[in-house]
$ cat run_13.tsv   # TSV, C-alpha atoms and all ligand atoms
chain	number	residue	atom	x	y	z
B	1	MET	CA	184.65	131.54	-51.12
B	2	LEU	CA	187.08	128.61	-51.44
B	3	LYS	CA	190.20	130.30	-52.75
B	4	ASN	CA	193.35	128.16	-52.26
B	5	LYS	CA	191.34	125.27	-50.80
B	6	VAL	CA	191.96	121.69	-51.91
B	7	ALA	CA	188.91	119.42	-52.04
B	8	ILE	CA	188.12	115.77	-52.70
B	9	VAL	CA	184.55	114.98	-53.80
B	10	THR	CA	183.47	111.33	-54.04
B	11	GLY	CA	180.75	110.50	-56.54
B	12	GLY	CA	181.70	113.66	-58.41
B	13	THR	CA	181.01	112.46	-61.93
B	14	ARG	CA	177.30	113.25	-62.13
B	15	GLY	CA	174.23	114.45	-60.26
B	16	ILE	CA	174.71	116.23	-56.96
B	17	GLY	CA	178.43	115.43	-56.80
B	18	TYR	CA	179.13	116.97	-60.20
B	19	ALA	CA	177.25	120.14	-59.18
B	20	ILE	CA	179.36	120.33	-56.00
B	21	VAL	CA	182.59	119.96	-58.00
B	22	LYS	CA	181.53	122.72	-60.39
B	23	LYS	CA	180.44	125.02	-57.56
B	24	TYR	CA	183.73	124.50	-55.73
B	25	LEU	CA	185.73	125.22	-58.90
B	26	GLU	CA	183.70	128.37	-59.56
B	27	ASN	CA	184.62	129.48	-56.05
B	28	GLY	CA	188.37	129.02	-56.44
B	29	ALA	CA	189.03	125.53	-55.07
B	30	THR	CA	191.28	122.87	-56.57
B	31	VAL	CA	189.17	119.71	-56.84
B	32	VAL	CA	189.89	116.01	-57.18
B	33	LEU	CA	186.69	114.22	-58.14
B	34	LEU	CA	186.28	110.50	-57.59
B	35	GLY	CA	184.03	108.23	-59.63
B	36	SER	CA	183.42	104.53	-59.98
B	37	ARG	CA	184.90	104.13	-63.51
B	38	GLN	CA	187.68	105.85	-65.47
B	39	GLU	CA	185.29	106.38	-68.36
B	40	THR	CA	182.78	108.41	-66.31
B	41	VAL	CA	185.61	110.30	-64.59
B	42	ASP	CA	187.03	111.28	-68.00
B	43	LYS	CA	183.59	112.34	-69.22
B	44	ALA	CA	183.05	114.58	-66.18
B	45	LEU	CA	186.52	116.11	-66.52
B	46	ALA	CA	185.96	116.80	-70.23
B	47	SER	CA	182.66	118.49	-69.50
B	48	LEU	CA	184.20	120.68	-66.75
B	49	LYS	CA	187.20	121.57	-68.93
B	50	ALA	CA	184.79	122.53	-71.72
B	51	GLU	CA	183.23	125.06	-69.34
B	52	ASN	CA	186.58	126.43	-68.23
B	53	PRO	CA	189.87	124.91	-69.43
B	54	ASP	CA	191.73	126.64	-66.58
B	55	TRP	CA	189.81	125.00	-63.76
B	56	PRO	CA	192.22	123.02	-61.54
B	57	VAL	CA	190.39	119.70	-61.53
B	58	GLU	CA	191.51	116.11	-61.82
B	59	GLY	CA	189.92	112.74	-61.23
B	60	ALA	CA	190.53	109.21	-60.01
B	61	CYS	CA	188.50	106.04	-59.56
B	62	PRO	CA	189.71	104.06	-56.56
B	63	ASP	CA	187.41	101.28	-55.38
B	64	LEU	CA	185.63	103.03	-52.51
B	65	GLY	CA	185.04	99.64	-50.91
B	66	ASP	CA	188.79	99.10	-50.56
B	67	ALA	CA	190.09	101.06	-47.56
B	68	ALA	CA	193.72	100.80	-48.70
B	69	ALA	CA	192.90	102.14	-52.19
B	70	VAL	CA	190.95	105.07	-50.74
B	71	GLU	CA	193.75	105.82	-48.27
B	72	ALA	CA	196.31	105.81	-51.10
B	73	THR	CA	194.19	108.28	-53.11
B	74	VAL	CA	193.66	110.65	-50.18
B	75	ASN	CA	197.36	110.55	-49.32
B	76	ALA	CA	198.36	111.15	-52.94
B	77	VAL	CA	196.17	114.26	-53.10
B	78	ALA	CA	197.53	115.59	-49.80
B	79	GLU	CA	201.09	114.94	-50.94
B	80	LYS	CA	200.63	116.53	-54.37
B	81	TYR	CA	198.97	119.71	-53.10
B	82	GLY	CA	200.56	119.81	-49.64
B	83	ARG	CA	197.17	119.88	-47.93
B	84	LEU	CA	193.58	118.70	-47.89
B	85	ASP	CA	190.98	121.24	-46.79
B	86	ILE	CA	187.66	119.70	-47.77
B	87	LEU	CA	186.43	116.11	-48.04
B	88	VAL	CA	182.94	115.59	-49.46
B	89	ASN	CA	181.61	112.05	-49.09
B	90	ASN	CA	178.85	112.10	-51.66
B	91	ALA	CA	178.96	108.75	-53.50
B	92	GLY	CA	175.96	106.66	-52.59
B	93	ILE	CA	173.38	104.22	-53.85
B	94	SER	CA	169.68	104.14	-53.09
B	95	ASP	CA	167.47	101.18	-52.29
B	96	SER	CA	163.77	100.45	-52.68
B	97	MET	CA	163.76	96.68	-52.15
B	98	PRO	CA	160.92	95.33	-49.91
B	99	THR	CA	162.35	93.51	-46.90
B	100	ASP	CA	161.01	90.07	-47.90
B	101	LYS	CA	163.04	90.35	-51.14
B	102	VAL	CA	166.28	91.62	-49.57
B	103	SER	CA	169.35	89.38	-49.63
B	104	ALA	CA	172.27	89.76	-47.24
B	105	GLU	CA	174.40	90.61	-50.26
B	106	HIS	CA	172.07	93.45	-51.29
B	107	PHE	CA	171.92	94.88	-47.76
B	108	ASP	CA	175.71	94.69	-47.39
B	109	LYS	CA	176.26	96.44	-50.74
B	110	VAL	CA	174.21	99.50	-49.77
B	111	ILE	CA	175.67	99.74	-46.27
B	112	LYS	CA	179.21	99.20	-47.52
B	113	LEU	CA	179.17	102.08	-50.00
B	114	ASN	CA	176.99	104.48	-48.01
B	115	VAL	CA	178.65	103.95	-44.62
B	116	ASN	CA	181.93	102.02	-44.72
B	117	SER	CA	183.31	103.92	-47.70
B	118	VAL	CA	182.53	107.20	-45.98
B	119	MET	CA	184.72	106.14	-43.06
B	120	TYR	CA	187.40	104.77	-45.40
B	121	ALA	CA	187.85	108.30	-46.81
B	122	ILE	CA	187.49	110.05	-43.46
B	123	MET	CA	190.18	107.97	-41.72
B	124	PRO	CA	193.16	109.08	-43.84
B	125	ALA	CA	191.72	112.59	-44.35
B	126	VAL	CA	191.54	113.15	-40.60
B	127	LYS	CA	195.24	112.32	-40.22
B	128	VAL	CA	196.10	115.04	-42.74
B	129	MET	CA	193.62	117.55	-41.32
B	130	LYS	CA	194.81	116.98	-37.74
B	131	GLN	CA	198.36	117.87	-38.79
B	132	GLN	CA	197.04	121.05	-40.44
B	133	HIS	CA	194.77	121.71	-37.46
B	134	SER	CA	192.05	122.57	-39.98
B	135	GLY	CA	189.66	120.86	-42.36
B	136	VAL	CA	186.05	120.37	-43.31
B	137	ILE	CA	184.23	117.08	-43.85
B	138	ILE	CA	180.77	117.08	-45.41
B	139	ASN	CA	178.74	113.89	-45.83
B	140	THR	CA	175.72	113.46	-48.06
B	141	SER	CA	172.82	112.20	-46.00
B	142	SER	CA	169.18	112.21	-47.11
B	143	MET	CA	165.79	113.46	-45.98
B	144	VAL	CA	164.95	109.79	-45.23
B	145	SER	CA	167.53	109.92	-42.42
B	146	ILE	CA	164.87	111.60	-40.30
B	147	SER	CA	161.79	109.35	-40.54
B	148	GLY	CA	162.87	106.43	-42.72
B	149	GLN	CA	161.09	105.38	-45.92
B	150	LYS	CA	158.38	102.90	-46.87
B	151	SER	CA	160.54	100.39	-48.72
B	152	GLY	CA	164.29	99.81	-49.00
B	153	VAL	CA	165.41	99.79	-45.38
B	154	ALA	CA	169.14	99.63	-46.15
B	155	TYR	CA	169.12	103.16	-47.54
B	156	PRO	CA	167.64	105.03	-44.55
B	157	ALA	CA	169.61	102.76	-42.21
B	158	SER	CA	172.80	103.83	-43.99
B	159	LYS	CA	171.90	107.52	-43.88
B	160	PHE	CA	170.96	107.38	-40.16
B	161	ALA	CA	174.47	105.96	-39.72
B	162	VAL	CA	175.92	108.84	-41.76
B	163	ASN	CA	174.17	111.30	-39.41
B	164	GLY	CA	175.48	109.39	-36.40
B	165	LEU	CA	179.05	109.50	-37.54
B	166	THR	CA	178.71	113.15	-38.56
B	167	LEU	CA	177.48	114.21	-35.12
B	168	SER	CA	180.02	112.05	-33.29
B	169	LEU	CA	183.01	113.10	-35.40
B	170	ALA	CA	182.09	116.77	-34.96
B	171	ARG	CA	182.48	116.27	-31.22
B	172	GLU	CA	185.65	114.23	-31.52
B	173	LEU	CA	187.40	116.44	-34.06
B	174	GLY	CA	186.28	119.93	-33.03
B	175	PRO	CA	189.32	120.40	-30.76
B	176	ASP	CA	191.52	119.68	-33.82
B	177	GLY	CA	189.94	122.50	-35.83
B	178	ILE	CA	188.00	120.07	-38.05
B	179	ARG	CA	184.33	120.71	-38.78
B	180	VAL	CA	182.05	117.80	-39.73
B	181	ASN	CA	178.58	118.35	-41.19
B	182	ALA	CA	176.08	116.62	-43.45
B	183	VAL	CA	173.61	117.78	-46.07
B	184	ALA	CA	170.29	115.93	-46.20
B	185	PRO	CA	168.88	116.45	-49.72
B	186	GLY	CA	165.24	116.00	-50.56
B	187	ILE	CA	164.16	114.74	-53.97
B	188	THR	CA	166.70	116.13	-56.40
B	189	SER	CA	166.53	116.25	-60.19
B	190	THR	CA	169.43	113.92	-60.96
B	191	ASP	CA	169.34	111.28	-63.73
B	192	MET	CA	167.49	108.91	-61.42
B	193	VAL	CA	164.58	111.27	-60.82
B	194	ALA	CA	164.54	112.61	-64.40
B	195	ALA	CA	163.87	109.06	-65.64
B	196	LEU	CA	160.65	108.74	-63.62
B	197	PRO	CA	157.31	109.03	-65.47
B	198	GLU	CA	155.35	112.29	-65.14
B	199	GLN	CA	152.53	110.55	-63.21
B	200	MET	CA	155.04	109.71	-60.46
B	201	ILE	CA	156.66	113.11	-60.41
B	202	GLN	CA	153.55	115.29	-59.90
B	203	PRO	CA	152.44	113.61	-56.63
B	204	MET	CA	156.00	114.05	-55.36
B	205	ILE	CA	155.89	117.76	-56.12
B	206	ASN	CA	152.50	118.07	-54.39
B	207	ALA	CA	154.09	116.64	-51.21
B	208	ILE	CA	156.84	119.28	-51.18
B	209	PRO	CA	155.83	122.51	-49.40
B	210	LEU	CA	158.02	124.58	-51.76
B	211	ARG	CA	156.19	122.84	-54.67
B	212	ARG	CA	159.23	121.94	-56.71
B	213	ILE	CA	161.90	119.26	-56.88
B	214	GLY	CA	165.35	120.35	-55.74
B	215	THR	CA	168.12	120.91	-58.27
B	216	PRO	CA	171.70	119.67	-57.92
B	217	GLU	CA	172.65	123.35	-57.67
B	218	ASP	CA	170.33	123.82	-54.66
B	219	MET	CA	172.33	121.07	-52.99
B	220	ALA	CA	175.72	122.37	-54.17
B	221	ASN	CA	174.96	125.77	-52.61
B	222	ALA	CA	174.57	124.10	-49.20
B	223	PHE	CA	177.85	122.23	-49.70
B	224	LEU	CA	179.52	125.51	-50.62
B	225	PHE	CA	178.27	127.26	-47.51
B	226	LEU	CA	179.33	124.42	-45.21
B	227	ALA	CA	182.79	124.18	-46.83
B	228	SER	CA	183.41	127.92	-46.61
B	229	ASP	CA	184.52	130.13	-43.74
B	230	MET	CA	180.95	131.50	-43.69
B	231	ALA	CA	180.20	128.31	-41.73
B	232	SER	CA	183.23	128.58	-39.45
B	233	TYR	CA	181.11	128.00	-36.31
B	234	VAL	CA	178.85	125.33	-37.83
B	235	THR	CA	179.71	121.73	-37.00
B	236	GLY	CA	177.75	118.62	-36.08
B	237	GLU	CA	174.85	119.82	-38.22
B	238	VAL	CA	172.66	117.81	-40.61
B	239	LEU	CA	171.33	120.50	-42.93
B	240	SER	CA	168.02	119.62	-44.60
B	241	VAL	CA	167.77	120.95	-48.16
B	242	ASP	CA	164.42	119.51	-49.13
B	243	GLY	CA	161.84	122.28	-49.51
B	244	ALA	CA	160.54	121.16	-46.06
B	245	MET	CA	159.43	117.77	-47.43
B	246	ARG	CA	161.44	115.81	-44.83
B	247	SER	CA	159.92	112.37	-45.48
G	1	LIG	P1	173.83	109.64	-58.82
G	1	LIG	O1	173.45	108.20	-58.94
G	1	LIG	O2	173.46	110.60	-59.89
G	1	LIG	O3	175.39	109.76	-58.55
G	1	LIG	C1	176.01	108.91	-57.63
G	1	LIG	C2	177.49	109.11	-57.68
G	1	LIG	O4	178.07	108.12	-56.82
G	1	LIG	C3	178.09	108.92	-59.06
G	1	LIG	O5	179.13	109.86	-59.26
G	1	LIG	C4	178.70	107.52	-59.00
G	1	LIG	O6	179.88	107.39	-59.77
G	1	LIG	C5	179.04	107.37	-57.53
G	1	LIG	N1	178.98	105.96	-57.14
G	1	LIG	C6	177.90	105.16	-57.14
G	1	LIG	N2	178.27	103.91	-56.81
G	1	LIG	C7	179.63	103.95	-56.61
G	1	LIG	C8	180.62	102.99	-56.24
G	1	LIG	N3	180.31	101.73	-55.99
G	1	LIG	N4	181.90	103.40	-56.14
G	1	LIG	C9	182.24	104.67	-56.37
G	1	LIG	N5	181.36	105.63	-56.71
G	1	LIG	C10	180.07	105.26	-56.82
G	1	LIG	O7	173.24	110.06	-57.41
G	1	LIG	P2	172.82	111.46	-56.79
G	1	LIG	O8	171.35	111.52	-56.83
G	1	LIG	O9	173.62	112.58	-57.30
G	1	LIG	O10	173.21	111.15	-55.25
G	1	LIG	C11	174.37	111.62	-54.64
G	1	LIG	C12	174.18	111.48	-53.16
G	1	LIG	O11	173.00	112.18	-52.75
G	1	LIG	C13	174.02	110.04	-52.67
G	1	LIG	O12	174.72	109.86	-51.47
G	1	LIG	C14	172.50	109.94	-52.45
G	1	LIG	O13	172.21	108.98	-51.48
G	1	LIG	C15	172.19	111.34	-51.98
G	1	LIG	N6	170.78	111.74	-52.14
G	1	LIG	C16	170.23	111.88	-53.38
G	1	LIG	C17	168.89	112.26	-53.50
G	1	LIG	C18	168.22	112.45	-54.85
G	1	LIG	O14	166.99	112.65	-54.88
G	1	LIG	N7	168.93	112.40	-55.96
G	1	LIG	C19	168.15	112.51	-52.34
G	1	LIG	C20	168.74	112.34	-51.10
G	1	LIG	C21	170.07	111.98	-51.01

$ encode --input "run_13.tsv" --output "structure tokens"
Amino acid sequence: MLKNKVAIVTGGTRGIGYAIVKKYLENGATVVLLGSRQETVDKALASLKAENPDWPVEGACPDLGDAAAVEATVNAVAEKYGRLDILVNNAGISDSMPTDKVSAEHFDKVIKLNVNSVMYAIMPAVKVMKQQHSGVIINTSSMVSISGQKSGVAYPASKFAVNGLTLSLARELGPDGIRVNAVAPGITSTDMVAALPEQMIQPMINAIPLRRIGTPEDMANAFLFLASDMASYVTGEVLSVDGAMRS
């Protein structure tokens, strides 16, 4: 479904991002995965190469909070492969801090990675995609971008912003042949969720109409669809993949 496509996936070293990278490789794309440290990037690459040594995948770890570093990485990928078809902004951090404990520094950290860094990657990618008159941008939102959450306001605030920029950029960039969508995962069995005690997990499952936690592959399938030509008329969409839990 992604033959000859070149993709960048941020936060591709584990969890949902790793599943997206693998899914894209299985479907014929060339992928550059970004992570926060060289060590985790190398580990992810080794694990992918162990599955299939021929997969065209490489990695880098620019500081996503540094617009110039992100721009340099995006431009290097576009220069090396002569194009950039897909940008997945998946790196993100969660937040559960009650508001009376939140510091400005904490709030800024969540917003900076979940919102600013998304734009830092989009800005140079759009220049490349405009020249091609084609491209797909997919942002990772969250089910809490619909109704918020009980504690940790920075996280839903950041994901509402992700939805806002997704919808707006779809309108702005549609005439340039660029589609912009988001995926809003529900609770997904990444390392974070796997570490929770059983007595916390069961009530979560009971609140999900499909009665199970999502898998990274459930999410990756949505990212595959949105990146592919099967979604050629889908833009400005925030696709919930949450077993109807919403929040
Ligand atoms: P994870 O913690 O397993 O992975 C996060 C990824 O982001 C890692 O690859 C990590 O290297 C990268 N990252 C984190 N901080 C970074 C930084 N400062 N600089 C560069 N990279 C950084 O998380 P996940 O559960 O796979 O989440 C991925 C995305 O899905 C996030 O945007 C998250 O908000 C969203 N999401 C997750 C869930 C869930 O239940 N797991 C639910 C809704 C939305």

$ residues_near_ligand --input "run_13.tsv" --ligand "ligand LIG 1 (chain G)" --cutoff "7 Å" --atoms "only C-alpha atoms and all ligand atoms" --output "ChimeraX atom specification"
/B:10-17,34-36,63-64,90-94,113-114,140-143,184-193

$ residues_near_point --input "run_13.tsv" --point "(181.3, 125.8, -59.5)" --cutoff "12 Å" --atoms "only C-alpha atoms" --output "MDAnalysis selection string"
chainID B and resid 1:2 16:31 48:49 51:52 55:57 216:217 220:221 223:224

$ residues_around --input "run_13.tsv" --residues "Val136 in chain B" --least-positions-apart "6" --cutoff "6 Å" --atoms "all atoms listed in the file" --output "list in words"
Ile86, Ile178, Arg179 and Val180 of chain B

$ write_last_selection --input "run_13.tsv" --atoms "C-alpha atoms" --output "tab-separated table (two decimals), in the frame of the given file"
chain	number	residue	atom	x	y	z
B	86	ILE	CA	187.66	119.70	-47.77
B	178	ILE	CA	188.00	120.07	-38.05
B	179	ARG	CA	184.33	120.71	-38.78
B	180	VAL	CA	182.05	117.80	-39.73

$ atom_distance --input "run_13.tsv" --atom1 "CA of Leu165 in chain B" --atom2 "CA of Gly59 in chain B"
26.3 Å

$ atom_distance --input "run_13.tsv" --atom1 "CA of Ala231 in chain B" --atom2 "CA of Glu172 in chain B"
18.2 Å

$ atom_distance --input "run_13.tsv" --atom1 "CA of Asn163 in chain B" --atom2 "CA of Thr40 in chain B"
28.4 Å

$ closest_residue --input "run_13.tsv" --among "B:Ser151, B:Gln38, B:Thr73, B:Ser134" --to "Leu173 in chain B" --atoms "all atoms listed in the file"
B:Ser134

$ residues_near_point --input "run_13.tsv" --point "(164.7, 122.5, -48.8)" --cutoff "8 Å" --atoms "all atoms listed in the file" --output "CSV table (one decimal) with C-alpha atoms, in the frame of the given file"
chain,number,residue,atom,x,y,z
B,185,PRO,CA,168.9,116.4,-49.7
B,186,GLY,CA,165.2,116.0,-50.6
B,210,LEU,CA,158.0,124.6,-51.8
B,214,GLY,CA,165.4,120.4,-55.7
B,240,SER,CA,168.0,119.6,-44.6
B,241,VAL,CA,167.8,121.0,-48.2
B,242,ASP,CA,164.4,119.5,-49.1
B,243,GLY,CA,161.8,122.3,-49.5
B,244,ALA,CA,160.5,121.2,-46.1
B,245,MET,CA,159.4,117.8,-47.4

$ axis_aligned_box --input "run_13.tsv" --around "range 210-226 of chain B" --padding-each-side "4 Å" --output "JSON"
{"center_x": 167.9, "center_y": 123.3, "center_z": -51.7, "size_x": 31.3, "size_y": 16.0, "size_z": 21.1}

$ closest_residue --input "run_13.tsv" --among "B:Val234, B:Pro124, B:Phe225, B:Val144" --to "Gly174 in chain B" --atoms "all atoms listed in the file"
B:Val234

$ closest_residue --input "run_13.tsv" --among "B:Phe160, B:Tyr81, B:Tyr120, B:Tyr155" --to "Asp95 in chain B" --atoms "all atoms listed in the file"
B:Tyr155

$ closest_residue --input "run_13.tsv" --among "B:Met204, B:Leu84, B:Val126, B:Ala67" --to "Asp176 in chain B" --atoms "all atoms listed in the file"
B:Val126

$ closest_residue --input "run_13.tsv" --among "B:Leu167, B:Ala60, B:Ala7, B:Val41" --to "Met129 in chain B" --atoms "all atoms listed in the file"
B:Ala7

$ closest_residue --input "run_13.tsv" --among "B:Ser47, B:Ser117, B:Gln132, B:Thr235" --to "Val162 in chain B" --atoms "only C-alpha atoms"
B:Ser117

$ decode --input "run_13.tsv" --residues "range 106-119 of chain B" --atoms "N, CA and C atoms" --output "CSV table (one decimal), in the first residue's frame"
chain,number,residue,atom,x,y,z
B,106,HIS,N,6.8,22.4,33.9
B,106,HIS,CA,6.1,21.1,33.5
B,106,HIS,C,5.1,21.4,32.4
B,107,PHE,N,4.3,22.4,32.5
B,107,PHE,CA,3.3,22.7,31.5
B,107,PHE,C,4.0,22.9,30.1
B,108,ASP,N,5.0,23.8,30.2
B,108,ASP,CA,5.7,24.1,28.9
B,108,ASP,C,6.3,22.9,28.3
B,109,LYS,N,6.8,21.9,29.1
B,109,LYS,CA,7.5,20.7,28.6
B,109,LYS,C,6.5,19.9,27.8
B,110,VAL,N,5.3,19.7,28.3
B,110,VAL,CA,4.3,18.9,27.6
B,110,VAL,C,3.9,19.6,26.3
B,111,ILE,N,3.5,20.9,26.5
B,111,ILE,CA,3.1,21.6,25.3
B,111,ILE,C,4.2,21.7,24.2
B,112,LYS,N,5.4,21.9,24.7
B,112,LYS,CA,6.5,22.0,23.7
B,112,LYS,C,6.7,20.8,22.8
B,113,LEU,N,6.7,19.6,23.5
B,113,LEU,CA,6.9,18.4,22.7
B,113,LEU,C,5.6,18.1,21.9
B,114,ASN,N,4.4,18.1,22.5
B,114,ASN,CA,3.2,17.7,21.9
B,114,ASN,C,2.7,18.6,20.8
B,115,VAL,N,3.0,19.9,20.9
B,115,VAL,CA,2.5,20.9,19.9
B,115,VAL,C,3.6,21.5,19.1
B,116,ASN,N,4.5,22.2,19.8
B,116,ASN,CA,5.5,22.9,19.0
B,116,ASN,C,6.3,22.0,18.1
B,117,SER,N,6.8,20.9,18.7
B,117,SER,CA,7.6,20.0,17.9
B,117,SER,C,6.9,19.4,16.7
B,118,VAL,N,5.5,19.3,16.8
B,118,VAL,CA,4.7,18.9,15.7
B,118,VAL,C,4.9,19.9,14.5
B,119,MET,N,4.7,21.2,14.9
B,119,MET,CA,4.9,22.2,13.9
B,119,MET,C,6.3,22.3,13.4
